[in-house]
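The file upload.cif contains mmCIF, C-alpha atoms, pLDDT in the B column; chains and numbers go by the auth columns:
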```
data_input
#
loop_
_atom_site.group_PDB
_atom_site.id
_atom_site.type_symbol
_atom_site.label_atom_id
_atom_site.label_comp_id
_atom_site.label_asym_id
_atom_site.label_seq_id
_atom_site.Cartn_x
_atom_site.Cartn_y
_atom_site.Cartn_z
_atom_site.B_iso_or_equiv
_atom_site.auth_seq_id
_atom_site.auth_asym_id
ATOM 1 C CA MET A 1 91.445 68.881 84.200 53.00 1 D
ATOM 2 C CA ALA A 2 94.432 67.056 85.586 55.00 2 D
ATOM 3 C CA GLY A 3 94.220 66.740 89.362 88.00 3 D
ATOM 4 C CA LEU A 4 96.571 68.142 91.969 97.00 4 D
ATOM 5 C CA GLU A 5 97.052 64.987 94.025 96.00 5 D
ATOM 6 C CA GLY A 6 100.290 65.066 95.960 96.00 6 D
ATOM 7 C CA LYS A 7 100.686 68.831 95.596 98.00 7 D
ATOM 8 C CA VAL A 8 100.748 71.412 98.384 98.00 8 D
ATOM 9 C CA ALA A 9 99.313 74.900 97.880 98.00 9 D
ATOM 10 C CA VAL A 10 99.577 78.065 99.960 98.00 10 D
ATOM 11 C CA VAL A 11 96.652 80.449 99.454 98.00 11 D
ATOM 12 C CA THR A 12 96.965 83.823 101.159 98.00 12 D
ATOM 13 C CA GLY A 13 93.854 85.569 102.412 97.00 13 D
ATOM 14 C CA SER A 14 91.908 82.309 102.270 97.00 14 D
ATOM 15 C CA SER A 15 89.616 82.953 105.235 96.00 15 D
ATOM 16 C CA SER A 16 86.972 84.615 103.044 95.00 16 D
ATOM 17 C CA GLY A 17 85.930 85.670 99.562 95.00 17 D
ATOM 18 C CA ILE A 18 87.844 84.625 96.484 97.00 18 D
ATOM 19 C CA GLY A 19 90.711 83.180 98.531 98.00 19 D
ATOM 20 C CA GLN A 20 88.388 80.870 100.403 98.00 20 D
ATOM 21 C CA SER A 21 86.898 79.573 97.154 98.00 21 D
ATOM 22 C CA ILE A 22 90.378 79.036 95.685 98.00 22 D
ATOM 23 C CA ALA A 23 91.493 77.043 98.725 98.00 23 D
ATOM 24 C CA ILE A 24 88.375 74.869 98.577 98.00 24 D
ATOM 25 C CA ARG A 25 88.750 74.266 94.834 98.00 25 D
ATOM 26 C CA LEU A 26 92.449 73.357 95.014 98.00 26 D
ATOM 27 C CA ALA A 27 91.707 70.959 97.869 98.00 27 D
ATOM 28 C CA GLY A 28 88.912 69.481 95.772 97.00 28 D
ATOM 29 C CA GLU A 29 91.453 68.845 93.021 97.00 29 D
ATOM 30 C CA GLY A 30 93.571 66.881 95.497 97.00 30 D
ATOM 31 C CA ALA A 31 96.047 69.425 96.855 98.00 31 D
ATOM 32 C CA ALA A 32 96.839 69.843 100.533 98.00 32 D
ATOM 33 C CA VAL A 33 96.225 73.504 101.334 98.00 33 D
ATOM 34 C CA VAL A 34 97.782 76.001 103.719 98.00 34 D
ATOM 35 C CA ILE A 35 94.970 78.355 104.743 98.00 35 D
ATOM 36 C CA ASP A 36 96.334 81.791 105.596 98.00 36 D
ATOM 37 C CA PHE A 37 94.510 84.444 107.583 97.00 37 D
ATOM 38 C CA ARG A 38 95.555 87.712 109.176 95.00 38 D
ATOM 39 C CA GLY A 39 92.798 88.610 111.633 91.00 39 D
ATOM 40 C CA HIS A 40 89.758 86.346 111.243 89.00 40 D
ATOM 41 C CA ARG A 41 90.464 82.840 112.505 95.00 41 D
ATOM 42 C CA ASP A 42 86.743 82.010 112.353 97.00 42 D
ATOM 43 C CA GLY A 43 86.840 82.432 108.577 97.00 43 D
ATOM 44 C CA ALA A 44 89.947 80.262 108.285 98.00 44 D
ATOM 45 C CA GLU A 45 88.257 77.557 110.343 98.00 45 D
ATOM 46 C CA GLU A 46 85.212 77.774 108.070 98.00 46 D
ATOM 47 C CA THR A 47 87.467 77.235 105.057 98.00 47 D
ATOM 48 C CA GLN A 48 89.063 74.245 106.769 98.00 48 D
ATOM 49 C CA GLN A 49 85.682 72.741 107.635 98.00 49 D
ATOM 50 C CA LYS A 50 84.522 73.039 104.021 98.00 50 D
ATOM 51 C CA ILE A 51 87.710 71.369 102.827 98.00 51 D
ATOM 52 C CA ALA A 52 87.330 68.584 105.398 97.00 52 D
ATOM 53 C CA ALA A 53 83.717 68.027 104.337 96.00 53 D
ATOM 54 C CA SER A 54 85.068 66.879 100.969 93.00 54 D
ATOM 55 C CA SER A 55 87.806 64.774 102.595 95.00 55 D
ATOM 56 C CA GLY A 56 90.456 67.365 101.788 96.00 56 D
ATOM 57 C CA ARG A 57 93.569 68.111 103.807 97.00 57 D
ATOM 58 C CA SER A 58 94.571 71.526 105.133 98.00 58 D
ATOM 59 C CA ILE A 59 96.362 73.407 107.884 98.00 59 D
ATOM 60 C CA ILE A 60 95.794 76.947 109.178 98.00 60 D
ATOM 61 C CA VAL A 61 98.640 79.433 109.566 98.00 61 D
ATOM 62 C CA GLN A 62 98.234 83.021 110.724 98.00 62 D
ATOM 63 C CA ALA A 63 100.359 85.372 108.647 98.00 63 D
ATOM 64 C CA ASP A 64 100.300 89.062 107.801 97.00 64 D
ATOM 65 C CA VAL A 65 101.850 89.098 104.343 97.00 65 D
ATOM 66 C CA SER A 66 103.104 92.646 104.834 97.00 66 D
ATOM 67 C CA ARG A 67 105.572 91.232 107.399 98.00 67 D
ATOM 68 C CA VAL A 68 108.519 89.411 105.832 98.00 68 D
ATOM 69 C CA VAL A 69 108.992 87.201 108.890 98.00 69 D
ATOM 70 C CA ASP A 70 105.379 86.030 108.522 98.00 70 D
ATOM 71 C CA THR A 71 105.802 85.213 104.828 98.00 71 D
ATOM 72 C CA GLN A 72 108.861 83.118 105.591 98.00 72 D
ATOM 73 C CA ASN A 73 107.006 81.260 108.342 98.00 73 D
ATOM 74 C CA LEU A 74 104.062 80.581 106.025 98.00 74 D
ATOM 75 C CA ILE A 75 106.308 78.729 103.592 98.00 75 D
ATOM 76 C CA ASP A 76 108.269 77.050 106.398 98.00 76 D
ATOM 77 C CA GLN A 77 105.044 75.664 107.878 98.00 77 D
ATOM 78 C CA ALA A 78 104.026 74.224 104.508 98.00 78 D
ATOM 79 C CA TRP A 79 107.301 72.322 104.320 98.00 79 D
ATOM 80 C CA GLN A 80 107.343 71.285 107.978 98.00 80 D
ATOM 81 C CA GLN A 81 103.713 70.195 108.293 98.00 81 D
ATOM 82 C CA LEU A 82 102.859 69.110 104.745 98.00 82 D
ATOM 83 C CA GLY A 83 106.228 68.131 103.309 97.00 83 D
ATOM 84 C CA GLY A 84 106.665 70.848 100.713 97.00 84 D
ATOM 85 C CA CYS A 85 105.000 73.580 98.707 98.00 85 D
ATOM 86 C CA ASP A 86 104.323 73.385 94.975 98.00 86 D
ATOM 87 C CA ILE A 87 101.737 76.106 94.373 98.00 87 D
ATOM 88 C CA LEU A 88 101.624 79.663 95.702 98.00 88 D
ATOM 89 C CA VAL A 89 98.493 81.762 95.268 98.00 89 D
ATOM 90 C CA ASN A 90 99.112 85.393 96.214 98.00 90 D
ATOM 91 C CA ASN A 91 95.496 86.354 96.840 98.00 91 D
ATOM 92 C CA ALA A 92 95.539 88.618 99.919 97.00 92 D
ATOM 93 C CA GLY A 93 94.802 92.221 99.035 95.00 93 D
ATOM 94 C CA ILE A 94 93.315 95.459 100.318 94.00 94 D
ATOM 95 C CA GLU A 95 92.104 98.716 98.816 94.00 95 D
ATOM 96 C CA LYS A 96 91.611 102.187 100.281 95.00 96 D
ATOM 97 C CA GLY A 97 89.787 104.877 98.357 95.00 97 D
ATOM 98 C CA SER A 98 90.532 108.604 98.419 96.00 98 D
ATOM 99 C CA ASP A 99 91.147 111.501 96.097 97.00 99 D
ATOM 100 C CA PHE A 100 94.784 111.382 95.030 97.00 100 D
ATOM 101 C CA TRP A 101 95.547 114.768 96.601 98.00 101 D
ATOM 102 C CA ASP A 102 94.162 113.619 99.946 97.00 102 D
ATOM 103 C CA THR A 103 95.745 110.160 100.100 97.00 103 D
ATOM 104 C CA PRO A 104 97.641 109.797 103.382 97.00 104 D
ATOM 105 C CA GLU A 105 101.037 108.137 103.608 98.00 105 D
ATOM 106 C CA ALA A 106 99.603 105.476 105.945 98.00 106 D
ATOM 107 C CA ASP A 107 97.101 104.339 103.296 98.00 107 D
ATOM 108 C CA TYR A 108 99.813 104.209 100.630 98.00 108 D
ATOM 109 C CA ASP A 109 102.067 102.160 102.894 98.00 109 D
ATOM 110 C CA ALA A 110 99.273 99.757 103.889 98.00 110 D
ATOM 111 C CA VAL A 111 98.072 99.033 100.331 98.00 111 D
ATOM 112 C CA LEU A 112 101.519 98.639 98.789 98.00 112 D
ATOM 113 C CA ALA A 113 102.701 96.494 101.720 98.00 113 D
ATOM 114 C CA VAL A 114 99.908 93.943 101.354 98.00 114 D
ATOM 115 C CA ASN A 115 99.393 94.019 97.586 98.00 115 D
ATOM 116 C CA LEU A 116 102.978 94.255 96.315 98.00 116 D
ATOM 117 C CA LYS A 117 105.560 93.824 99.075 98.00 117 D
ATOM 118 C CA GLY A 118 103.720 90.760 100.378 98.00 118 D
ATOM 119 C CA PRO A 119 103.693 88.831 97.088 98.00 119 D
ATOM 120 C CA PHE A 120 107.309 89.868 96.406 98.00 120 D
ATOM 121 C CA PHE A 121 108.762 88.435 99.591 98.00 121 D
ATOM 122 C CA LEU A 122 106.364 85.497 99.882 98.00 122 D
ATOM 123 C CA THR A 123 107.290 84.437 96.356 98.00 123 D
ATOM 124 C CA GLN A 124 110.959 84.873 97.295 98.00 124 D
ATOM 125 C CA ALA A 125 110.575 82.493 100.254 98.00 125 D
ATOM 126 C CA PHE A 126 108.616 80.033 98.071 98.00 126 D
ATOM 127 C CA VAL A 127 111.240 80.092 95.309 98.00 127 D
ATOM 128 C CA ARG A 128 114.212 79.666 97.625 98.00 128 D
ATOM 129 C CA LYS A 129 112.787 76.412 98.966 98.00 129 D
ATOM 130 C CA LEU A 130 112.014 75.096 95.486 98.00 130 D
ATOM 131 C CA ARG A 131 115.438 76.096 94.173 98.00 131 D
ATOM 132 C CA ASP A 132 117.214 74.307 97.001 98.00 132 D
ATOM 133 C CA ALA A 133 115.039 71.207 96.527 98.00 133 D
ATOM 134 C CA LYS A 134 115.430 71.384 92.723 98.00 134 D
ATOM 135 C CA LYS A 135 111.657 71.296 92.282 98.00 135 D
ATOM 136 C CA SER A 136 109.368 73.103 89.860 98.00 136 D
ATOM 137 C CA GLY A 137 106.386 75.164 90.970 98.00 137 D
ATOM 138 C CA ARG A 138 103.524 77.514 90.183 98.00 138 D
ATOM 139 C CA VAL A 139 103.024 81.130 91.272 98.00 139 D
ATOM 140 C CA ILE A 140 99.572 82.569 90.651 98.00 140 D
ATOM 141 C CA ASN A 141 98.872 86.160 91.641 98.00 141 D
ATOM 142 C CA ILE A 142 95.304 87.344 92.070 98.00 142 D
ATOM 143 C CA SER A 143 95.687 90.726 90.476 97.00 143 D
ATOM 144 C CA SER A 144 92.808 92.828 89.135 96.00 144 D
ATOM 145 C CA VAL A 145 91.522 94.394 85.942 96.00 145 D
ATOM 146 C CA HIS A 146 93.061 97.487 87.535 96.00 146 D
ATOM 147 C CA GLU A 147 96.548 96.251 86.737 96.00 147 D
ATOM 148 C CA ASP A 148 95.657 97.808 83.386 95.00 148 D
ATOM 149 C CA MET A 149 92.330 99.661 83.735 94.00 149 D
ATOM 150 C CA VAL A 150 92.073 103.023 85.481 94.00 150 D
ATOM 151 C CA PHE A 151 90.228 103.286 88.810 93.00 151 D
ATOM 152 C CA PRO A 152 89.946 106.968 89.782 95.00 152 D
ATOM 153 C CA HIS A 153 90.256 107.669 93.521 96.00 153 D
ATOM 154 C CA PHE A 154 92.108 104.369 94.059 95.00 154 D
ATOM 155 C CA ALA A 155 95.589 105.364 92.898 98.00 155 D
ATOM 156 C CA THR A 156 97.351 103.261 95.532 98.00 156 D
ATOM 157 C CA TYR A 157 95.432 100.146 94.486 97.00 157 D
ATOM 158 C CA CYS A 158 96.165 100.725 90.790 97.00 158 D
ATOM 159 C CA ALA A 159 99.842 101.307 91.522 98.00 159 D
ATOM 160 C CA SER A 160 100.048 98.050 93.471 98.00 160 D
ATOM 161 C CA LYS A 161 98.299 96.027 90.777 98.00 161 D
ATOM 162 C CA GLY A 162 100.344 97.591 87.992 98.00 162 D
ATOM 163 C CA GLY A 163 103.402 96.639 90.013 98.00 163 D
ATOM 164 C CA ILE A 164 102.261 93.031 90.378 98.00 164 D
ATOM 165 C CA ARG A 165 101.771 92.827 86.604 98.00 165 D
ATOM 166 C CA MET A 166 105.356 93.889 85.929 98.00 166 D
ATOM 167 C CA LEU A 167 106.699 91.714 88.744 98.00 167 D
ATOM 168 C CA MET A 168 104.911 88.705 87.234 98.00 168 D
ATOM 169 C CA ARG A 169 106.408 89.363 83.807 98.00 169 D
ATOM 170 C CA ASP A 170 109.894 89.816 85.205 98.00 170 D
ATOM 171 C CA LEU A 171 109.777 86.705 87.379 98.00 171 D
ATOM 172 C CA ALA A 172 108.373 84.586 84.560 98.00 172 D
ATOM 173 C CA VAL A 173 111.652 85.202 82.712 98.00 173 D
ATOM 174 C CA GLU A 174 113.939 84.963 85.736 98.00 174 D
ATOM 175 C CA LEU A 175 112.333 81.849 87.234 98.00 175 D
ATOM 176 C CA GLY A 176 111.543 79.995 84.020 98.00 176 D
ATOM 177 C CA PRO A 177 114.912 78.194 84.011 98.00 177 D
ATOM 178 C CA LEU A 178 114.012 76.814 87.458 98.00 178 D
ATOM 179 C CA GLY A 179 110.788 75.318 86.096 98.00 179 D
ATOM 180 C CA ILE A 180 108.653 77.834 87.989 98.00 180 D
ATOM 181 C CA THR A 181 105.774 79.459 86.113 98.00 181 D
ATOM 182 C CA VAL A 182 104.336 82.827 87.121 98.00 182 D
ATOM 183 C CA ASN A 183 100.949 84.132 85.986 98.00 183 D
ATOM 184 C CA ASN A 184 98.278 86.613 87.048 98.00 184 D
ATOM 185 C CA VAL A 185 94.536 86.166 87.299 98.00 185 D
ATOM 186 C CA ALA A 186 92.796 89.528 86.958 98.00 186 D
ATOM 187 C CA PRO A 187 89.183 89.495 88.175 97.00 187 D
ATOM 188 C CA GLY A 188 86.715 92.222 87.346 95.00 188 D
ATOM 189 C CA ALA A 189 83.486 92.643 89.302 94.00 189 D
ATOM 190 C CA ILE A 190 83.027 89.474 91.362 95.00 190 D
ATOM 191 C CA ALA A 191 80.169 88.698 93.759 93.00 191 D
ATOM 192 C CA THR A 192 81.795 88.485 97.190 87.00 192 D
ATOM 193 C CA PRO A 193 80.631 89.331 100.717 77.00 193 D
ATOM 194 C CA ILE A 194 82.644 92.562 100.670 71.00 194 D
ATOM 195 C CA ASN A 195 80.492 93.744 97.740 77.00 195 D
ATOM 196 C CA GLN A 196 77.179 92.921 99.412 79.00 196 D
ATOM 197 C CA ALA A 197 76.184 96.547 99.999 78.00 197 D
ATOM 198 C CA MET A 198 76.776 97.406 96.346 80.00 198 D
ATOM 199 C CA MET A 199 74.943 94.301 95.129 85.00 199 D
ATOM 200 C CA SER A 200 71.931 95.254 97.256 84.00 200 D
ATOM 201 C CA ASP A 201 71.756 98.792 95.857 86.00 201 D
ATOM 202 C CA PRO A 202 70.314 98.927 92.314 89.00 202 D
ATOM 203 C CA ALA A 203 71.486 102.533 91.916 88.00 203 D
ATOM 204 C CA LYS A 204 75.083 101.295 92.207 87.00 204 D
ATOM 205 C CA LEU A 205 74.739 97.821 90.725 91.00 205 D
ATOM 206 C CA ASN A 206 72.834 98.596 87.540 92.00 206 D
ATOM 207 C CA PRO A 207 75.343 101.115 86.100 90.00 207 D
ATOM 208 C CA LEU A 208 78.096 98.563 86.677 90.00 208 D
ATOM 209 C CA LEU A 209 76.148 95.795 84.984 93.00 209 D
ATOM 210 C CA ARG A 210 75.606 98.024 81.955 93.00 210 D
ATOM 211 C CA ASN A 211 79.391 98.131 81.598 93.00 211 D
ATOM 212 C CA ILE A 212 79.672 94.325 81.614 95.00 212 D
ATOM 213 C CA PRO A 213 78.776 92.747 78.249 96.00 213 D
ATOM 214 C CA LEU A 214 77.752 89.466 79.911 96.00 214 D
ATOM 215 C CA GLY A 215 75.375 91.453 82.127 95.00 215 D
ATOM 216 C CA ARG A 216 76.258 89.897 85.474 95.00 216 D
ATOM 217 C CA LEU A 217 78.890 89.736 88.165 96.00 217 D
ATOM 218 C CA GLY A 218 81.365 86.884 88.143 97.00 218 D
ATOM 219 C CA THR A 219 81.427 84.244 90.868 97.00 219 D
ATOM 220 C CA ARG A 220 84.208 83.306 93.249 97.00 220 D
ATOM 221 C CA GLU A 221 83.993 79.749 91.935 97.00 221 D
ATOM 222 C CA GLU A 222 84.688 80.910 88.382 98.00 222 D
ATOM 223 C CA VAL A 223 87.870 82.631 89.535 98.00 223 D
ATOM 224 C CA ALA A 224 88.844 79.539 91.516 98.00 224 D
ATOM 225 C CA GLY A 225 88.364 77.359 88.443 98.00 225 D
ATOM 226 C CA LEU A 226 90.808 79.470 86.454 98.00 226 D
ATOM 227 C CA VAL A 227 93.353 79.292 89.274 98.00 227 D
ATOM 228 C CA ALA A 228 92.965 75.508 89.440 98.00 228 D
ATOM 229 C CA TYR A 229 93.695 75.273 85.722 98.00 229 D
ATOM 230 C CA LEU A 230 96.840 77.405 86.012 98.00 230 D
ATOM 231 C CA ALA A 231 97.996 75.252 88.937 98.00 231 D
ATOM 232 C CA SER A 232 97.542 72.043 86.953 97.00 232 D
ATOM 233 C CA GLU A 233 99.926 70.182 84.668 96.00 233 D
ATOM 234 C CA GLU A 234 97.738 71.179 81.729 97.00 234 D
ATOM 235 C CA ALA A 235 99.065 74.730 82.163 98.00 235 D
ATOM 236 C CA ALA A 236 102.733 73.711 82.395 97.00 236 D
ATOM 237 C CA TYR A 237 103.714 75.734 79.303 98.00 237 D
ATOM 238 C CA ILE A 238 101.932 78.938 80.353 98.00 238 D
ATOM 239 C CA THR A 239 103.962 81.656 82.035 98.00 239 D
ATOM 240 C CA GLY A 240 104.240 85.440 81.973 98.00 240 D
ATOM 241 C CA SER A 241 100.566 86.052 81.232 98.00 241 D
ATOM 242 C CA THR A 242 97.594 87.811 82.788 98.00 242 D
ATOM 243 C CA PHE A 243 94.263 86.024 82.501 98.00 243 D
ATOM 244 C CA VAL A 244 91.395 88.501 82.699 98.00 244 D
ATOM 245 C CA ILE A 245 88.104 87.195 84.074 98.00 245 D
ATOM 246 C CA ASP A 246 85.677 90.111 83.910 96.00 246 D
ATOM 247 C CA GLY A 247 82.718 89.319 81.636 96.00 247 D
ATOM 248 C CA GLY A 248 84.120 91.735 79.055 96.00 248 D
ATOM 249 C CA LEU A 249 84.263 94.735 81.424 95.00 249 D
ATOM 250 C CA MET A 250 87.696 95.958 80.332 93.00 250 D
ATOM 251 C CA ARG A 251 86.652 96.067 76.693 92.00 251 D
ATOM 252 C CA ASN A 252 83.501 98.047 77.428 90.00 252 D
ATOM 253 C CA TYR A 253 84.231 100.181 80.488 72.00 253 D
ATOM 254 C CA HIS A 254 83.707 103.937 80.623 67.00 254 D
ATOM 255 C CA GLU A 255 83.334 106.318 83.528 59.00 255 D
ATOM 256 C CA GLN A 256 79.747 107.325 84.252 53.00 256 D
#
```

As structure tokens, what does this structure read like?
Amino acid sequence: MAGLEGKVAVVTGSSSGIGQSIAIRLAGEGAAVVIDFRGHRDGAEETQQKIAASSGRSIIVQADVSRVVDTQNLIDQAWQQLGGCDILVNNAGIEKGSDFWDTPEADYDAVLAVNLKGPFFLTQAFVRKLRDAKKSGRVINISSVHEDMVFPHFATYCASKGGIRMLMRDLAVELGPLGITVNNVAPGAIATPINQAMMSDPAKLNPLLRNIPLGRLGTREEVAGLVAYLASEEAAYITGSTFVIDGGLMRNYHEQ
């Protein structure tokens, strides 16, 4: 894979989980990385330490992507401290489960603000800088298999991910003339710390594994590898697509 030397990447939600692995991988490919966190500085510092251990370069910026002023500052800091921003990975996301008829307005607002409003306005800030500098760029959204696959009792999450799919397709057309590509990565069941309780409970894990043809959960590093490819020059002609990484789950899934 072509390296990312000389590039600058912003990775939202990179203090833990998939975002942390993406930040580490992009730094390993040569990019300088803006590590974003909302509430857990310790996790952001851990990401930075892992990047530094491989002689990578990074800065930490606190930003709540649901706040437009924070998204603008995140991009501004990339330009001010690292000299630019070439790659944006919209990874930060939340989910809140409830029966549809019991879903409170606060949960709807929180999920849509982080998962859809955040990427919308962060991408806007990213694109404005590139447009003014007459530079090309990459936008990679970490979506979900649930941009297409149903997830009962998580209607807000599905709505946000369906929205990010259509936003990606629309922006791929609108931003293509600027040399900016826009793609989604849609993970299925990935082994992350947030899933530890499920992974430790065979009664929950085994039914899920039976739905996955490859018979295992994916790894954060596998998702990060796909993101690194889409950020590279080898993917320069790819835009407007969702790349599913789910071990075949979408093709085999059925409710228990």

Within 10 Å of region 18-29 of chain D, counting only C-alpha atoms, which residues show up once you throw out same-chain ones fewer than 5 positions away? Write them as a PyMOL selection string, please.
-> chain D and resi 1-5+7-13+34-37+43-44+46-52+54-58+87+89-93+142+187+190-193+219-229+231-232

At a cut-off of 12 Å, can you tabulate as JSON lines every residue of region 131-206 of chain D near region 76-85 of chain D together with its closest atom pair and the distance in Å to one decimal, using only C-alpha atoms and ordering rows by chain then number?
```
{"residue": "D:Arg131", "atom": "CA", "partner": "D:Cys85", "partner_atom": "CA", "distance": 11.7}
{"residue": "D:Asp132", "atom": "CA", "partner": "D:Gly84", "partner_atom": "CA", "distance": 11.7}
{"residue": "D:Ala133", "atom": "CA", "partner": "D:Gly84", "partner_atom": "CA", "distance": 9.4}
{"residue": "D:Lys134", "atom": "CA", "partner": "D:Gly84", "partner_atom": "CA", "distance": 11.9}
{"residue": "D:Lys135", "atom": "CA", "partner": "D:Cys85", "partner_atom": "CA", "distance": 9.5}
{"residue": "D:Ser136", "atom": "CA", "partner": "D:Cys85", "partner_atom": "CA", "distance": 9.9}
{"residue": "D:Gly137", "atom": "CA", "partner": "D:Cys85", "partner_atom": "CA", "distance": 8.0}
{"residue": "D:Arg138", "atom": "CA", "partner": "D:Cys85", "partner_atom": "CA", "distance": 9.5}
{"residue": "D:Val139", "atom": "CA", "partner": "D:Cys85", "partner_atom": "CA", "distance": 10.8}
```

Set up a box along x, y and z of the file covering all listed atoms of region 209-216 of chain D, add 8 Å on every one of the six sides, and write the centre and edge lengths in Å to one decimal, as lines of an AutoDock Vina configuration file.
```
center_x = 77.5
center_y = 93.8
center_z = 81.9
size_x = 20.3
size_y = 24.7
size_z = 23.2
```

Of the candidates D:Met149, D:Met198, D:Ala159, D:Val185, which shows the shortest atom-to-atom distance to Ile245 (chain D), using all atoms listed in the file?
->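 Among the listed residues, the smallest separation from Ile245 (chain D) belongs to D:Val185.
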
Report as an MDAnalysis selection string the residues that result from applying the PyMOL selection byres ((chain D and resi 67) around 10) to the structure here.
-> chainID D and resid 63:66 68:72 113:114 117:118 121:122

Tell me which protein, DNA and RNA residues are within 10 Å of Asp148 (chain D), counting all atoms listed in the file, leaving out same-chain ones fewer than 3 positions away, and put them as a list in words.
-> Ser144, Val145, Phe151, Cys158, Ala159, Lys161, Gly162, Arg165, Ala186 and Met250 of chain D

Give me, please, the distance in Å between CA of Thr123 (chain D) and CA of Ala172 (chain D), quoted to one decimal.
->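 Distance reported for this atom pair: 11.8 Å.
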
Need the neighbours of (98.1, 106.6, 102.5): which residues are at most 12 Å away, counting all atoms listed in the file, as an NGL selection string?
-> :D and (95-113 or 153-157)

For CA of Val33 (chain D) and CA of Gly247 (chain D), determine how far apart the two atoms are, in Å to one decimal place.
->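 Distance reported for this atom pair: 28.6 Å.
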
Point-to-point distance from CA of Glu45 (chain D) to CA of Leu88 (chain D), Å rounded to tenths |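 Computing it gives 19.9 Å between the two atoms.
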
Counting all atoms listed in the file, the residue of D:Leu208, D:Ile238, D:Ile194, D:Leu116 that sits nearest Gly17 (chain D) | D:Ile194

With all atoms listed in the file as the atoms that count, which of D:Thr242, D:Asn195, D:Asn183, D:Ser143 lies nearest to Gly218 (chain D)?
->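 Using all atoms listed in the file, Gly218 (chain D) sits closest to D:Asn195.
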
Taking into account only C-alpha atoms, which residue in the set D:Ser241, D:Ala235, D:His146, D:Arg41 is nearest to Gly188 (chain D)?
-> D:His146

Which of D:Leu74, D:Gly6, D:Leu249, D:Asp42 sits closest to Gly30 (chain D) [using all atoms listed in the file] | D:Gly6

Do you know which residues the PyMOL selection byres ((chain D and resi 175) around 12) returns on this file, as a PyMOL selection string?
-> chain D and resi 123-124+126-128+130-131+135-139+167-174+176-183+239-240
